[in-house]
Each structure stands twice: as structure tokens, then as C-alpha cells.
$ cat start-v7.txt   # compact mmCIF, C-alpha atoms
# COMPACT_ATOMS: atom_id res chain seq x y z
CA MET A 1 -34.73 -61.84 -60.31
CA THR A 2 -33.79 -64.73 -58.15
CA ALA A 3 -35.75 -65.72 -55.11
CA LEU A 4 -32.97 -64.36 -52.92
CA GLN A 5 -33.03 -61.01 -54.74
CA ARG A 6 -36.84 -60.84 -54.40
CA MET A 7 -36.56 -61.44 -50.65
CA ALA A 8 -33.96 -58.73 -50.32
CA PHE A 9 -36.12 -56.31 -52.35
CA VAL A 10 -39.16 -56.95 -50.14
CA PHE A 11 -37.03 -56.52 -47.04
CA LEU A 12 -35.74 -53.19 -48.24
CA LEU A 13 -39.26 -52.00 -49.08
CA ALA A 14 -40.30 -52.83 -45.57
CA TRP A 15 -37.36 -50.93 -44.01
CA PRO A 16 -37.52 -49.18 -41.65
CA PRO A 17 -39.77 -51.47 -39.68
CA ASN A 18 -43.03 -50.04 -38.39
CA ARG A 19 -42.58 -48.03 -35.19
CA THR A 20 -44.80 -48.68 -32.23
CA ALA A 21 -46.40 -45.81 -30.32
CA SER A 22 -43.87 -46.24 -27.53
CA ASP A 23 -41.03 -45.98 -30.04
CA HIS A 24 -42.37 -42.61 -31.19
CA ALA A 25 -42.80 -41.43 -27.62
CA ALA A 26 -39.21 -42.36 -26.77
CA ARG A 27 -37.92 -40.57 -29.87
CA ASP A 28 -39.98 -37.47 -29.11
CA HIS A 29 -38.82 -37.56 -25.54
CA GLY A 30 -35.21 -37.72 -26.62
CA THR A 31 -35.68 -34.84 -29.01
CA SER A 32 -37.38 -32.67 -26.41
CA ALA A 33 -34.72 -33.54 -23.83
CA ARG A 34 -32.02 -32.47 -26.25
CA ALA A 35 -33.93 -29.29 -27.02
CA ALA A 36 -34.36 -28.59 -23.33
CA SER A 37 -30.68 -29.18 -22.78
CA ARG A 38 -29.80 -26.80 -25.61
CA SER A 39 -32.17 -24.23 -24.16
CA ALA A 40 -30.62 -24.55 -20.69
CA GLN A 41 -27.17 -24.22 -22.24
CA THR A 42 -28.22 -21.10 -24.11
CA GLU A 43 -29.76 -19.57 -21.01
CA GLY A 44 -26.68 -20.51 -18.97
CA VAL A 45 -24.35 -18.85 -21.44
CA ALA A 46 -26.60 -15.78 -21.43
CA ALA A 47 -26.43 -15.70 -17.62
CA TRP A 48 -22.65 -15.99 -17.85
CA GLY A 49 -22.67 -12.96 -20.15
CA GLN A 50 -24.31 -10.96 -17.39
CA ILE A 51 -21.74 -12.21 -14.88
CA TYR A 52 -18.91 -11.33 -17.25
CA SER A 53 -20.23 -7.78 -17.57
CA VAL A 54 -19.76 -7.41 -13.80
CA LEU A 55 -16.43 -9.20 -13.52
CA THR A 56 -14.90 -6.94 -16.15
CA HIS A 57 -16.16 -3.72 -14.59
CA PRO A 58 -13.33 -1.68 -13.07
CA ARG A 59 -14.68 -2.22 -9.54
CA CYS A 60 -13.88 -5.92 -10.00
CA ILE A 61 -11.17 -6.28 -12.61
CA ASN A 62 -8.87 -3.62 -11.17
CA CYS A 63 -7.75 -6.24 -8.67
CA HIS A 64 -7.68 -9.16 -11.13
CA THR A 65 -4.55 -8.02 -12.93
CA ALA A 66 -1.80 -10.08 -14.53
CA THR A 67 0.86 -7.64 -13.40
CA ILE A 68 2.69 -6.88 -10.15
CA TYR A 69 0.38 -3.96 -9.44
CA PRO A 70 -3.32 -3.30 -8.90
CA GLN A 71 -5.19 -0.72 -10.92
CA GLN A 72 -7.53 2.04 -9.85
CA GLY A 73 -10.16 4.28 -11.36
CA ASP A 74 -12.55 3.73 -14.22
CA ASP A 75 -9.64 4.16 -16.64
CA ARG A 76 -7.88 1.29 -14.83
CA HIS A 77 -4.60 3.13 -14.43
CA ARG A 78 -1.76 1.73 -12.38
CA HIS A 79 -2.23 2.17 -8.63
CA PHE A 80 -0.26 5.14 -7.37
CA ALA A 81 2.46 5.16 -4.67
CA ASN A 82 4.36 2.31 -6.33
CA VAL A 83 2.06 -0.22 -4.72
CA VAL A 84 3.03 -3.78 -5.64
CA ARG A 85 1.35 -7.16 -5.38
CA GLY A 86 3.68 -8.99 -3.01
CA VAL A 87 3.77 -12.74 -2.58
CA GLU A 88 0.23 -13.14 -1.25
CA GLY A 89 -1.40 -10.25 -3.10
CA LYS A 90 -1.51 -8.15 0.06
CA GLY A 91 1.35 -5.81 -0.73
CA VAL A 92 4.83 -6.03 0.79
CA ALA A 93 6.18 -5.82 4.32
CA ALA A 94 6.09 -2.06 4.78
CA LEU A 95 3.65 -1.13 2.03
CA GLN A 96 0.62 -3.32 2.54
CA CYS A 97 -2.86 -2.96 1.09
CA VAL A 98 -4.08 -2.38 4.64
CA SER A 99 -1.61 0.47 5.07
CA CYS A 100 -4.43 2.51 3.55
CA HIS A 101 -7.46 0.27 2.93
CA GLN A 102 -9.37 -0.21 6.16
CA GLN A 103 -12.30 -2.48 7.02
CA VAL A 104 -14.86 -0.14 5.45
CA ASN A 105 -14.88 2.73 2.99
CA ALA A 106 -13.33 5.92 4.31
CA ASP A 107 -15.54 8.35 2.49
CA THR A 108 -14.08 11.45 4.16
CA THR A 109 -10.66 10.65 2.70
CA GLY A 110 -11.78 8.79 -0.43
CA VAL A 111 -10.03 5.50 0.28
CA PRO A 112 -12.11 2.38 -0.42
CA GLY A 113 -12.14 -0.36 2.18
CA ALA A 114 -13.48 -3.79 3.03
CA SER A 115 -12.37 -6.69 5.14
CA GLY A 116 -9.24 -8.38 3.82
CA TRP A 117 -8.38 -5.97 1.02
CA HIS A 118 -6.05 -7.76 -1.41
CA LEU A 119 -5.37 -8.58 -5.04
CA ALA A 120 -6.82 -11.70 -6.61
CA PRO A 121 -4.18 -14.38 -7.18
CA LEU A 122 -2.47 -14.47 -10.55
CA SER A 123 -4.32 -17.70 -11.34
CA MET A 124 -7.47 -15.59 -11.41
CA ARG A 125 -6.09 -12.82 -13.61
CA TRP A 126 -8.71 -11.61 -16.05
CA GLN A 127 -6.34 -9.41 -18.01
CA ASP A 128 -3.24 -10.05 -20.03
CA GLY A 129 0.19 -8.63 -19.30
CA ASP A 130 -0.68 -5.48 -21.24
CA ASP A 131 -3.77 -4.84 -19.08
CA ARG A 132 -6.16 -5.94 -21.85
CA ILE A 133 -9.29 -7.65 -20.57
CA LEU A 134 -9.51 -11.34 -21.49
CA SER A 135 -12.39 -12.64 -23.59
CA SER A 136 -15.59 -13.95 -22.06
CA ALA A 137 -14.56 -17.53 -22.88
CA GLU A 138 -11.14 -17.09 -21.28
CA VAL A 139 -12.50 -15.56 -18.07
CA CYS A 140 -15.18 -18.27 -17.89
CA LYS A 141 -12.52 -20.94 -18.27
CA ALA A 142 -10.52 -19.41 -15.41
CA VAL A 143 -13.53 -19.04 -13.14
CA THR A 144 -14.65 -22.65 -13.66
CA ASP A 145 -11.20 -24.23 -13.37
CA ARG A 146 -10.97 -25.54 -9.81
CA SER A 147 -7.21 -25.78 -10.06
CA ARG A 148 -7.18 -22.00 -10.53
CA ASN A 149 -10.20 -20.75 -8.57
CA ASN A 150 -9.26 -21.93 -5.08
CA GLY A 151 -11.18 -25.17 -5.54
CA LEU A 152 -14.62 -23.59 -5.86
CA ASP A 153 -17.41 -25.68 -7.41
CA GLY A 154 -20.74 -24.21 -8.50
CA PRO A 155 -22.21 -23.76 -5.02
CA GLY A 156 -18.83 -22.43 -3.88
CA LEU A 157 -18.82 -19.82 -6.64
CA LEU A 158 -22.39 -18.86 -5.79
CA LYS A 159 -21.42 -18.42 -2.16
CA HIS A 160 -18.36 -16.41 -3.19
CA HIS A 161 -20.45 -14.07 -5.30
CA SER A 162 -23.06 -13.82 -2.57
CA GLU A 163 -20.93 -13.26 0.52
CA GLU A 164 -17.27 -12.43 -0.17
CA PRO A 165 -16.61 -8.98 1.36
CA LEU A 166 -14.61 -7.72 -1.61
CA VAL A 167 -17.37 -8.82 -4.01
CA LEU A 168 -19.92 -7.03 -1.86
CA TRP A 169 -17.69 -3.96 -1.82
CA ALA A 170 -17.90 -3.68 -5.61
CA PHE A 171 -21.60 -2.89 -5.29
CA GLU A 172 -21.10 -0.35 -2.48
CA PRO A 173 -17.75 1.17 -3.42
CA GLY A 174 -18.16 4.49 -1.64
CA ARG A 175 -16.84 7.85 -2.75
CA GLY A 176 -13.56 8.71 -4.39
CA THR A 177 -11.07 11.38 -3.40
CA ASP A 178 -13.10 13.87 -5.45
CA GLY A 179 -16.11 13.20 -3.23
CA ARG A 180 -18.17 11.68 -6.03
CA PRO A 181 -19.63 8.17 -5.77
CA ARG A 182 -17.59 5.54 -7.60
CA THR A 183 -19.31 4.03 -10.62
CA LEU A 184 -21.16 0.78 -10.11
CA PRO A 185 -21.13 -2.52 -12.02
CA PRO A 186 -23.92 -2.89 -14.60
CA LEU A 187 -26.00 -5.19 -12.35
CA THR A 188 -27.16 -4.85 -8.78
CA HIS A 189 -25.76 -7.38 -6.36
CA ASP A 190 -29.10 -9.20 -6.27
CA GLN A 191 -29.11 -9.42 -10.07
CA PHE A 192 -25.51 -10.60 -10.05
CA VAL A 193 -26.28 -13.38 -7.57
CA ASP A 194 -29.40 -14.34 -9.52
CA ALA A 195 -27.39 -14.56 -12.76
CA THR A 196 -24.78 -16.67 -10.97
CA ARG A 197 -27.48 -19.00 -9.63
CA ARG A 198 -28.99 -19.47 -13.12
CA TRP A 199 -25.55 -20.08 -14.59
CA VAL A 200 -24.65 -22.63 -11.92
CA ASP A 201 -28.02 -24.37 -12.29
CA ALA A 202 -27.38 -24.63 -16.04
CA GLY A 203 -24.12 -26.44 -15.38
CA MET A 204 -21.78 -23.42 -15.62
CA PRO A 205 -21.54 -23.40 -19.42
CA CYS A 206 -18.91 -21.21 -21.05
CA PRO A 207 -19.20 -19.45 -24.39
CA LYS A 208 -17.15 -20.73 -27.28
CA ALA A 209 -13.78 -19.11 -27.76
CA PRO A 210 -13.86 -16.47 -30.51
CA MET B 1 -18.18 15.66 17.31
CA GLU B 2 -17.39 12.42 19.07
CA THR B 3 -14.96 11.41 21.77
CA TYR B 4 -12.36 8.75 21.05
CA GLN B 5 -9.97 6.94 23.37
CA LEU B 6 -6.56 6.39 21.81
CA THR B 7 -3.31 4.75 22.82
CA VAL B 8 -0.46 6.71 21.30
CA ASN B 9 3.10 5.62 21.99
CA GLY B 10 1.81 3.59 24.90
CA GLN B 11 -0.04 6.50 26.49
CA PRO B 12 -3.84 6.64 26.80
CA MET B 13 -5.29 9.76 25.22
CA GLU B 14 -8.70 11.20 24.53
CA VAL B 15 -9.83 13.47 21.75
CA THR B 16 -13.15 14.94 20.75
CA VAL B 17 -13.29 15.44 17.00
CA ASP B 18 -15.45 14.85 13.95
CA SER B 19 -15.53 11.14 13.13
CA GLY B 20 -14.11 11.74 9.66
CA THR B 21 -11.02 13.56 10.87
CA PRO B 22 -7.87 11.83 9.60
CA LEU B 23 -5.59 10.37 12.25
CA LEU B 24 -2.82 12.66 10.99
CA TRP B 25 -4.73 15.77 12.00
CA VAL B 26 -5.73 14.29 15.34
CA LEU B 27 -2.04 13.72 16.05
CA ARG B 28 -0.87 17.10 14.83
CA ASP B 29 -3.72 19.46 15.73
CA GLU B 30 -5.33 17.82 18.74
CA LEU B 31 -2.39 16.04 20.40
CA LYS B 32 0.25 18.52 19.21
CA MET B 33 2.51 15.70 18.03
CA THR B 34 3.92 17.38 14.95
CA GLY B 35 6.64 14.87 14.16
CA THR B 36 4.28 13.14 11.74
CA LYS B 37 4.17 15.22 8.57
CA TYR B 38 1.51 16.24 6.10
CA GLY B 39 2.79 15.70 2.59
CA CYS B 40 0.16 14.99 -0.04
CA GLY B 41 -2.98 14.16 1.91
CA ILE B 42 -3.87 11.27 -0.40
CA ALA B 43 -1.50 8.53 0.77
CA ALA B 44 0.76 9.01 -2.21
CA CYS B 45 3.98 10.18 -0.53
CA GLY B 46 4.34 8.38 2.81
CA ALA B 47 5.35 11.42 4.89
CA CYS B 48 2.47 10.74 7.31
CA THR B 49 3.34 7.10 8.01
CA VAL B 50 2.70 5.85 11.54
CA HIS B 51 2.27 2.34 12.90
CA LEU B 52 -1.36 1.43 13.55
CA GLY B 53 -1.75 -1.88 15.31
CA GLY B 54 1.79 -2.65 14.17
CA ILE B 55 1.05 -1.96 10.49
CA PRO B 56 2.74 0.94 8.71
CA THR B 57 -0.21 3.16 7.90
CA ARG B 58 -0.78 6.37 5.96
CA SER B 59 -2.38 8.43 8.70
CA CYS B 60 -3.62 11.12 6.31
CA VAL B 61 -6.30 8.81 4.88
CA VAL B 62 -7.45 6.92 7.98
CA PRO B 63 -10.41 8.61 9.68
CA ILE B 64 -10.21 8.54 13.47
CA SER B 65 -13.41 6.47 13.53
CA LEU B 66 -11.55 3.57 11.87
CA VAL B 67 -8.67 3.45 14.35
CA ARG B 68 -10.91 1.29 16.53
CA GLY B 69 -8.71 0.83 19.55
CA ARG B 70 -5.55 -0.13 17.72
CA PRO B 71 -2.39 1.29 19.29
CA VAL B 72 -0.66 4.10 17.43
CA VAL B 73 3.12 4.52 17.32
CA THR B 74 4.53 7.72 15.88
CA ILE B 75 8.02 9.02 15.21
CA GLU B 76 7.99 10.48 18.73
CA GLY B 77 7.67 7.00 20.23
CA VAL B 78 9.41 4.67 17.81
CA ARG B 79 12.76 4.92 19.60
CA ARG B 80 11.32 2.87 22.48
CA ASP B 81 11.29 -0.05 20.07
CA PRO B 82 14.69 -1.78 19.71
CA VAL B 83 14.42 -1.80 15.94
CA GLY B 84 13.33 1.82 15.97
CA ARG B 85 16.38 2.76 18.00
CA VAL B 86 18.75 0.94 15.63
CA VAL B 87 17.16 2.60 12.60
CA GLN B 88 17.27 6.09 14.08
CA ASP B 89 20.92 5.59 15.07
CA ALA B 90 21.74 4.46 11.53
CA TRP B 91 19.94 7.52 10.17
CA VAL B 92 22.06 9.79 12.33
CA SER B 93 25.36 8.01 11.80
CA HIS B 94 24.88 7.94 8.06
CA ASP B 95 23.62 11.52 7.94
CA VAL B 96 20.62 10.55 5.84
CA VAL B 97 18.56 13.67 6.27
CA GLN B 98 18.69 16.68 3.99
CA CYS B 99 15.65 18.94 4.44
CA GLY B 100 14.10 16.28 6.66
CA TYR B 101 10.45 16.78 5.86
CA CYS B 102 9.81 13.23 4.64
CA GLN B 103 12.15 11.51 7.06
CA SER B 104 9.61 10.72 9.80
CA GLY B 105 7.71 8.68 7.29
CA GLN B 106 10.86 7.17 5.85
CA ILE B 107 11.99 6.01 9.30
CA MET B 108 8.57 4.64 10.26
CA THR B 109 8.44 2.66 7.03
CA ALA B 110 12.01 1.41 7.40
CA VAL B 111 11.31 0.26 10.95
CA ALA B 112 8.25 -1.65 9.77
CA LEU B 113 10.32 -3.26 7.03
CA LEU B 114 13.09 -4.39 9.37
CA LYS B 115 10.65 -5.66 11.99
CA ALA B 116 9.07 -7.86 9.29
CA ILE B 117 12.26 -8.72 7.40
CA PRO B 118 15.43 -8.12 9.47
CA LYS B 119 17.68 -9.02 6.55
CA PRO B 120 15.91 -7.54 3.53
CA THR B 121 17.12 -7.92 -0.02
CA ASP B 122 17.57 -4.90 -2.24
CA ALA B 123 14.23 -5.81 -3.84
CA ASP B 124 12.55 -5.91 -0.42
CA VAL B 125 13.91 -2.45 0.36
CA GLU B 126 12.94 -1.06 -3.02
CA GLN B 127 9.40 -2.40 -2.86
CA SER B 128 8.68 -1.46 0.75
CA MET B 129 10.27 1.98 0.56
CA GLY B 130 9.05 2.66 -2.98
CA GLY B 131 5.97 4.52 -1.79
CA ASN B 132 7.92 7.00 0.36
CA LEU B 133 8.95 10.01 -1.68
CA CYS B 134 11.87 12.33 -0.94
CA ARG B 135 12.14 15.59 -2.86
CA CYS B 136 15.79 15.88 -1.78
CA ALA B 137 16.45 12.47 -3.31
CA THR B 138 18.15 10.99 -0.27
CA TYR B 139 17.21 7.54 -1.52
CA VAL B 140 20.78 6.26 -1.75
CA ARG B 141 21.53 7.22 1.86
CA ILE B 142 18.18 5.83 3.03
CA ARG B 143 18.99 2.49 1.45
CA GLU B 144 22.48 2.49 2.96
CA ALA B 145 21.14 3.34 6.42
CA ILE B 146 18.69 0.47 6.20
CA ARG B 147 21.55 -1.84 5.27
CA ILE B 148 23.56 -0.59 8.26
CA ALA B 149 20.60 -1.00 10.61
CA SER B 150 19.95 -4.47 9.27
CA GLY B 151 23.54 -5.37 10.05
CA GLU B 152 22.99 -4.32 13.66
CA LEU B 153 19.96 -6.58 14.03
CA LYS B 154 20.28 -10.24 14.91

$ encode --input "start-v7.txt" --output "C-alpha cells"
Amino acid sequence: MTALQRMAFVFLLAWPPNRTASDHAARDHGTSARAASRSAQTEGVAAWGQIYSVLTHPRCINCHTATIYPQQGDDRHRHFANVVRGVEGKGVAALQCVSCHQQVNADTTGVPGASGWHLAPLSMRWQDGDDRILSSAEVCKAVTDRSRNNGLDGPGLLKHHSEEPLVLWAFEPGRGTDGRPRTLPPLTHDQFVDATRRWVDAGMPCPKAP
Amino acid sequence: METYQLTVNGQPMEVTVDSGTPLLWVLRDELKMTGTKYGCGIAACGACTVHLGGIPTRSCVVPISLVRGRPVVTIEGVRRDPVGRVVQDAWVSHDVVQCGYCQSGQIMTAVALLKAIPKPTDADVEQSMGGNLCRCATYVRIREAIRIASGELK
């Protein structure tokens, strides 16, 4: 073994160099930060799952169609009376959403109502053209895409879920024409807002596409 | 029972009814204005259409408590409107009506359409009139009368 080879051998035996205490602390800190980040991501995706369960309930998704018509009922059938979307999602000139839907629920006649009754824009469709509900990842992508969601960032989405009259309506949907209360989304409004807040705080993570 | 002040065809009126009473029944039973018809009672046929605050509205599903001061125009008063007059004249000249039961609603909807879109396309007519049913199937004559009325409007 030459002198050069001996030096290389000793160098390799000594590798990696001894860590100082601060080196270990930095490494541990990095590891825990990554773990915390993964945990936040996991919790955020879980919160999104709760949100998705509400968004895909008939009280919400019936007006997030990909077609020219809204849906109604828990079976999400096509809205009766040949109601159509119109350019702005408010119906057409002489057959508007507000031709029937007033500012509040009309429980004596079974017609739901809230301020500004209208369909969500096509950019926020959560169904495909055959009325099949999109996956959690697809809906999440739509909701977080500011080019599609009316420019809403996290706080904007939280405000939307907290205050928008049509969102609030979904949790107090009144009675149907049969006099029975309409079914409710799986969360209360408070739980829905809380899930949205946790999801936004986690950075609005989306689940992986299936 | 509660008392409500209404403006119907420009006239102030007062009724004392249950707050959940549909506007249709206030018009027909309380105010004896029977030109507005009861068809289905669930907003599916359009026979009960009136204008509420200028919006074509299915009066069978709007409780009186939600009228909230908005003026009501019915078939009895629509002729005072220039568009209403043109539409009614077109209906008569083209002999649209068969049994006539749905025609109040058809005319009220057509007037609303032409006030919003004086020169509607066939698609506009189909979409706006698509919720007004006619058991006599006068649809072809309804569409033609709207076309004639549109031609009369500037």
C-alpha cells in the first residue's frame, strides 16, 4: 500500500466526520419539521374530506352541475318545468330562478329560497356531463384554482363558506312540497366552517388523484 | 291572519289572510281577479304566472308574506303596458287560444320575454316559454304570435 493509498484509507475510515451537538440538533429539527409538515398535510387532507362530504351532498351539488339545468331532490333529478341555466346561471329572461325562489324558504308551498338564488358557474361544476360526481381530488382542484373559483384565496374561501347566503341555505333548507324537512349535509354549518378553517390553515392540500 | 297592503295593476289593495297563503289565491279568492289560473299548484305549468316587481313569477308558490311591497301585474292589467298590448293583439289576430286555460300564463310569460328581449331568437323563445304548458298544444301558434308581436316592437 502506497502512502497515498494509506492516507485515502484513513480518510475513508474517518468518514463521515464527527458531528457536533449543534449538527445533531439541526438534523433533528429538520426531521421534526418535516414530520410536522407531513402531519399538517395529513390533517389538512382529512379536513378537506369533511368539506367534500358537504360539497357533494345534494343540497350543495344540485346547483354545481355541468349541464344546462339544475337538479333537485336527494336523487338529484333534473329540475322540473324545463328550467335552464341561462348565461349567468340565473335562468333565462322569462323563466328565472327568482320566478319561484324568493329571498327565504317558502315552507307553505315547499319552494326553497335564499338571497340571489342561482346556479354555480360552469367553472365550478362538481359533476361531469352525465351528472356523475367528480372525485375528491378533482373537486379540490376546482375549489383551489383561483382562475375557476372567482379569485378566492384561502381566507376568501373561508368567508364564502361562512357567509354566502346559498351556502347558509344548505344547512337550513326548509321543507319540501311534501311538507317534510329536506335532508341536511353530513356536518353542521359550524363543523363545516371549522373544517374549512383547518384545511385553509394547513395550506389547502388536496388528496392525490385516484 | 295578517293584513297586507298590495299594489295590483297599479291599484292599492288590502287583504287579511294567513301569511302562508299563495299570491294566486289572494288574487283569485280575496280580490276576485280570476284571470290568473290555477294549474298545478307547484310551479310546474306556468298557468299562474304574474309579474311581481317586473319579474315573471309563479304566483301559486309565492306566499303573500314574501310579496313584500313589490307591485303585482296580472293578466287583467297587462294591457296597460305597451308590450302587453302588442302581445295580446298578436294573440287575438293569430287566434292562438284553443281552450284558453293556460293562456293567461302564456301571455304574461311572453310579455316578460319581449320586455327583456324585444327581438328574441327561436332559442330565447323556446327557453323562456318552455316552462309554460298547454294541453291543447298551441305551441306553434304561441311561437308565431310572439314573432308577430316582436315585429311590432321597435

$ residues_near_point --input "start-v7.txt" --point "(-21.1, -6.3, -2.4)" --cutoff "12 Å" --atoms "only C-alpha atoms" --output "ChimeraX atom specification"
/A:54,59-60,104,113-115,160-174,184-185,187-193

$ residues_around --input "start-v7.txt" --residues "Ala81 in chain A" --least-positions-apart "5" --cutoff "8 Å" --atoms "all atoms listed in the file" --output "list in words"
Ala43, Ala44, Cys45, Gly130, Gly131 and Asn132 of chain B

$ closest_residue --input "start-v7.txt" --among "B:Arg141, B:Arg79, B:Arg135, B:Arg68" --to "chain A" --atoms "all atoms listed in the file"
B:Arg68

$ residues_around --input "start-v7.txt" --residues "Thr56 in chain A" --least-positions-apart "6" --cutoff "12 Å" --atoms "all atoms listed in the file" --output "list of chain:residue names"
A:Gly49, A:Gln50, A:Asn62, A:Cys63, A:His64, A:Thr65, A:Asp74, A:Arg76, A:Arg125, A:Trp126, A:Gln127, A:Asp131, A:Arg132, A:Ile133, A:Leu134, A:Ser135, A:Ser136, A:Glu138, A:Val139, A:Cys140, A:Ala170, A:Leu184, A:Pro185, A:Pro186, A:Leu187

$ residues_around --input "start-v7.txt" --residues "range 105-113 of chain B" --least-positions-apart "5" --cutoff "9 Å" --atoms "only C-alpha atoms" --output "ChimeraX atom specification"
/A:92-95 /B:36-37,45-51,54-58,73-75,78,83-84,86-88,91,118,120,124-125,128-129,132-134,142,146

$ residues_around --input "start-v7.txt" --residues "Leu23 in chain B" --least-positions-apart "5" --cutoff "9 Å" --atoms "all atoms listed in the file" --output "list in words"
Arg28, Arg58, Ser59, Cys60, Val61, Val62, Pro63, Ile64, Ser65 and Val67 of chain B

$ atom_distance --input "start-v7.txt" --atom1 "CA of Leu114 in chain B" --atom2 "CA of Val96 in chain B"
17.1 Å

$ atom_distance --input "start-v7.txt" --atom1 "CA of Ile68 in chain A" --atom2 "CA of Ile42 in chain B"
21.6 Å

$ atom_distance --input "start-v7.txt" --atom1 "CA of Arg34 in chain A" --atom2 "CA of Thr144 in chain A"
23.6 Å

$ closest_residue --input "start-v7.txt" --among "A:His77, A:Lys208, A:Lys159, A:Arg85" --to "chain B" --atoms "only C-alpha atoms"
A:Arg85

$ closest_residue --input "start-v7.txt" --among "A:Thr42, A:Thr31, A:Thr196, A:Asn82" --to "Leu158 in chain A" --atoms "all atoms listed in the file"
A:Thr196

$ closest_residue --input "start-v7.txt" --among "A:Ile51, A:Pro210, A:Gln72, A:Ala40" --to "Pro112 in chain A" --atoms "only C-alpha atoms"
A:Gln72

$ closest_residue --input "start-v7.txt" --among "A:Val87, A:Met124, A:Leu157, A:Ala209" --to "chain B" --atoms "all atoms listed in the file"
A:Val87

$ closest_residue --input "start-v7.txt" --among "A:Thr183, A:Ser123, A:Ser32, A:Gln103" --to "chain B" --atoms "all atoms listed in the file"
A:Gln103

$ interface_residues --input "start-v7.txt" --of "chain A" --to "chain B" --cutoff "10 Å" --atoms "all atoms listed in the file" --output "VMD selection string"
chain A and resid 79 to 86 91 to 111 177

$ axis_aligned_box --input "start-v7.txt" --around "range 92-101 of chain A" --padding-each-side "3 Å" --output "JSON"
{"center_x": -0.6, "center_y": -1.8, "center_z": 2.9, "size_x": 19.6, "size_y": 14.5, "size_z": 10.3}
